2 protein chains.
Amino acid sequence: MPRYCFTLQVDPRHLDAYRRDHAAVWPEMLRALADAGWRNYSLHLRDDGLLIGIVETEDFQRALDAMDATAVNDRWQAAMASYFADLDGPDGQHTAPDRAMQLVPEIFHLETQLAAADAHPTPEENPR
Amino acid sequence: MPRYCFTLQVDPRHLDAYRRDHAAVWPEMLRALADAGWRNYSLHLRDDGLLIGIVETEDFQRALDAMDATAVNDRWQAAMASYFADLDGPDGQHTAPDRAMQLVPEIFHLETQLAAADAHPTPEENPR
C-alpha cells in the first residue's frame, strides 16, 4: 500500500487546542476516514507548529475526495480552520486545511528496497 | 507497533545527491536496519530540505542503538554527514545525522482511536 506524507503549519498559538482536539477526534469522523480508505493514519506535531501526516491508501487524491464528499468532514475542517497559519489565499479567501496540505515525496522505503535487493543480488552484495 | 516520526534538515544544495543515494541504499545497510527492528521505514524529502522519517518499531532508542552497534551504520552516517545542515555543535564537533534526529510526537492515530471509540461507544455517538 502506498504511503503519503504531508505537512501543514499549525499556528503556534493554537498548539494546545489542536493537540486536545486530536486526542479525541469525533467517532463519526474516525469512521468516515476509515470508510474513505485511510489506513495507519497518524499525525505528528512539532513544537514550532509543523504538522506531519502519514497515511497509507491506494490513491491519496481519491482518499481526500472521498472525505470531501462527507458532511462530517465539512464540520471538522471548519472546526480546525482557525488553528492553521497561512491558509488565506491571495484573494483573502480561507482555504480548508485539507486543501492546503503539502505532499512530501517519498525518497526511501525500507521493505521496498529490501525486496528489490533480495530479488536482484549482485556479487558485491553476497561475497560468500 | 508504535510509530516514530523524526525530522532532519538536509542542506538544500545537496537535495539531488541525497535523493540519489536513497534511491539505492546499500543492501548491507537495508539488512542491518531490518535486523535492528526497523519496520515500514520511509523517508520523505520536501523541496526546502525538510527530511521526514517514519518508522514502526517497539522502542525507537533501542532501534537506534542497535544500528549504532553496526559497522555499516558508521560508514553510512559518515557518507551522509555532509548533506545535512546544522549538524555542528557549539563546540565545533560534527554530530552524526542519526544523533541529530528530532522526534516529533504523535498526536493522533486513526486505528488507535477507532478501537477506543468502538470499545466505549457513547449514546451521542450511536443515536439510533
# chains A, B, ... in the order shown; residues from 1 in each chain; ligands from 1
>>> interface_residues(of="chain A", to="chain B", cutoff="10 Å", atoms="only C-alpha atoms", output="ChimeraX atom specification")
/A:3-7,18-31,33-34,38-47,50-55,102-118,121-122,124-126
>>> residues_around(residues="B:Asp35", least_positions_apart="6", cutoff="10 Å", atoms="only C-alpha atoms", output="PyMOL selection string")
chain B and resi 29+63+66-67
>>> write_last_selection(atoms="C-alpha atoms", output="PDB file, in the first residue's frame")
ATOM      1  CA  MET B  29      22.548  -1.155   5.310  1.00  0.00           C
ATOM      2  CA  ALA B  63      16.371   0.614  17.263  1.00  0.00           C
ATOM      3  CA  ALA B  66      21.090  -1.459  17.562  1.00  0.00           C
ATOM      4  CA  MET B  67      22.138   0.386  14.396  1.00  0.00           C
TER       5      MET B  67
END
>>> select_by_dssp(residues="chain A", states="strand (DSSP E or B)", output="ChimeraX atom specification")
/A:3-10,39-45,50-56,84,88,94,102-104,106-109
>>> residues_around(residues="A:Asp11", least_positions_apart="2", cutoff="7 Å", atoms="only C-alpha atoms", output="PDB file with all heavy atoms, in the first residue's frame")
ATOM      1  N   GLN A   9       0.967  23.778   8.538  1.00  0.00           N
ATOM      2  CA  GLN A   9       1.552  24.616   9.581  1.00  0.00           C
ATOM      3  C   GLN A   9       0.474  25.058  10.563  1.00  0.00           C
ATOM      4  O   GLN A   9      -0.416  25.830  10.198  1.00  0.00           O
ATOM      5  CB  GLN A   9       2.227  25.840   8.946  1.00  0.00           C
ATOM      6  CG  GLN A   9       3.038  26.672   9.916  1.00  0.00           C
ATOM      7  CD  GLN A   9       4.210  25.897  10.526  1.00  0.00           C
ATOM      8  OE1 GLN A   9       4.898  25.150   9.824  1.00  0.00           O
ATOM      9  NE2 GLN A   9       4.419  26.049  11.828  1.00  0.00           N
ATOM     10  N   ARG A  13       0.288  29.552  18.330  1.00  0.00           N
ATOM     11  CA  ARG A  13      -0.574  29.970  19.451  1.00  0.00           C
ATOM     12  C   ARG A  13      -1.663  28.942  19.747  1.00  0.00           C
ATOM     13  O   ARG A  13      -2.304  29.024  20.800  1.00  0.00           O
ATOM     14  CB  ARG A  13      -1.225  31.322  19.127  1.00  0.00           C
ATOM     15  CG  ARG A  13      -0.229  32.474  19.021  1.00  0.00           C
ATOM     16  CD  ARG A  13      -0.908  33.721  18.504  1.00  0.00           C
ATOM     17  NE  ARG A  13      -1.481  33.497  17.164  1.00  0.00           N
ATOM     18  CZ  ARG A  13      -2.193  34.397  16.485  1.00  0.00           C
ATOM     19  NH1 ARG A  13      -2.438  35.581  17.006  1.00  0.00           N
ATOM     20  NH2 ARG A  13      -2.654  34.117  15.280  1.00  0.00           N
ATOM     21  N   HIS A  14      -1.889  28.004  18.825  1.00  0.00           N
ATOM     22  CA  HIS A  14      -3.022  27.093  18.981  1.00  0.00           C
ATOM     23  C   HIS A  14      -2.615  25.637  19.156  1.00  0.00           C
ATOM     24  O   HIS A  14      -3.418  24.730  18.938  1.00  0.00           O
ATOM     25  CB  HIS A  14      -3.957  27.232  17.773  1.00  0.00           C
ATOM     26  CG  HIS A  14      -4.534  28.598  17.620  1.00  0.00           C
ATOM     27  ND1 HIS A  14      -5.132  29.285  18.656  1.00  0.00           N
ATOM     28  CD2 HIS A  14      -4.593  29.432  16.543  1.00  0.00           C
ATOM     29  CE1 HIS A  14      -5.541  30.474  18.235  1.00  0.00           C
ATOM     30  NE2 HIS A  14      -5.214  30.597  16.963  1.00  0.00           N
ATOM     31  N   LEU A  15      -1.351  25.412  19.523  1.00  0.00           N
ATOM     32  CA  LEU A  15      -0.876  24.019  19.609  1.00  0.00           C
ATOM     33  C   LEU A  15      -1.658  23.210  20.642  1.00  0.00           C
ATOM     34  O   LEU A  15      -2.023  22.057  20.394  1.00  0.00           O
ATOM     35  CB  LEU A  15       0.616  23.978  19.963  1.00  0.00           C
ATOM     36  CG  LEU A  15       1.582  24.597  18.956  1.00  0.00           C
ATOM     37  CD1 LEU A  15       3.020  24.352  19.404  1.00  0.00           C
ATOM     38  CD2 LEU A  15       1.348  24.037  17.565  1.00  0.00           C
ATOM     39  N   GLY A  49       4.994  24.069  15.447  1.00  0.00           N
ATOM     40  CA  GLY A  49       3.744  24.078  14.694  1.00  0.00           C
ATOM     41  C   GLY A  49       3.768  23.257  13.424  1.00  0.00           C
ATOM     42  O   GLY A  49       2.745  23.139  12.753  1.00  0.00           O
ATOM     43  N   TYR A  83      -7.056  27.061  13.520  1.00  0.00           N
ATOM     44  CA  TYR A  83      -5.804  26.650  14.163  1.00  0.00           C
ATOM     45  C   TYR A  83      -4.595  26.790  13.242  1.00  0.00           C
ATOM     46  O   TYR A  83      -3.450  26.724  13.700  1.00  0.00           O
ATOM     47  CB  TYR A  83      -5.874  25.187  14.607  1.00  0.00           C
ATOM     48  CG  TYR A  83      -6.899  24.894  15.669  1.00  0.00           C
ATOM     49  CD1 TYR A  83      -7.487  23.635  15.772  1.00  0.00           C
ATOM     50  CD2 TYR A  83      -7.281  25.865  16.598  1.00  0.00           C
ATOM     51  CE1 TYR A  83      -8.421  23.349  16.758  1.00  0.00           C
ATOM     52  CE2 TYR A  83      -8.220  25.587  17.581  1.00  0.00           C
ATOM     53  CZ  TYR A  83      -8.789  24.326  17.650  1.00  0.00           C
ATOM     54  OH  TYR A  83      -9.706  24.038  18.632  1.00  0.00           O
ATOM     55  N   PHE A  84      -4.846  26.923  11.944  1.00  0.00           N
ATOM     56  CA  PHE A  84      -3.741  26.871  10.996  1.00  0.00           C
ATOM     57  C   PHE A  84      -3.224  28.258  10.635  1.00  0.00           C
ATOM     58  O   PHE A  84      -3.971  29.240  10.655  1.00  0.00           O
ATOM     59  CB  PHE A  84      -4.155  26.128   9.724  1.00  0.00           C
ATOM     60  CG  PHE A  84      -4.284  24.653   9.941  1.00  0.00           C
ATOM     61  CD1 PHE A  84      -5.500  24.105  10.329  1.00  0.00           C
ATOM     62  CD2 PHE A  84      -3.190  23.816   9.813  1.00  0.00           C
ATOM     63  CE1 PHE A  84      -5.616  22.743  10.570  1.00  0.00           C
ATOM     64  CE2 PHE A  84      -3.299  22.461  10.047  1.00  0.00           C
ATOM     65  CZ  PHE A  84      -4.518  21.919  10.431  1.00  0.00           C
ATOM     66  N   ALA A  85      -1.958  28.288  10.276  1.00  0.00           N
ATOM     67  CA  ALA A  85      -1.351  29.513   9.763  1.00  0.00           C
ATOM     68  C   ALA A  85      -1.356  29.440   8.240  1.00  0.00           C
ATOM     69  O   ALA A  85      -1.420  28.358   7.654  1.00  0.00           O
ATOM     70  CB  ALA A  85       0.085  29.634  10.278  1.00  0.00           C
TER      71      ALA A  85
END
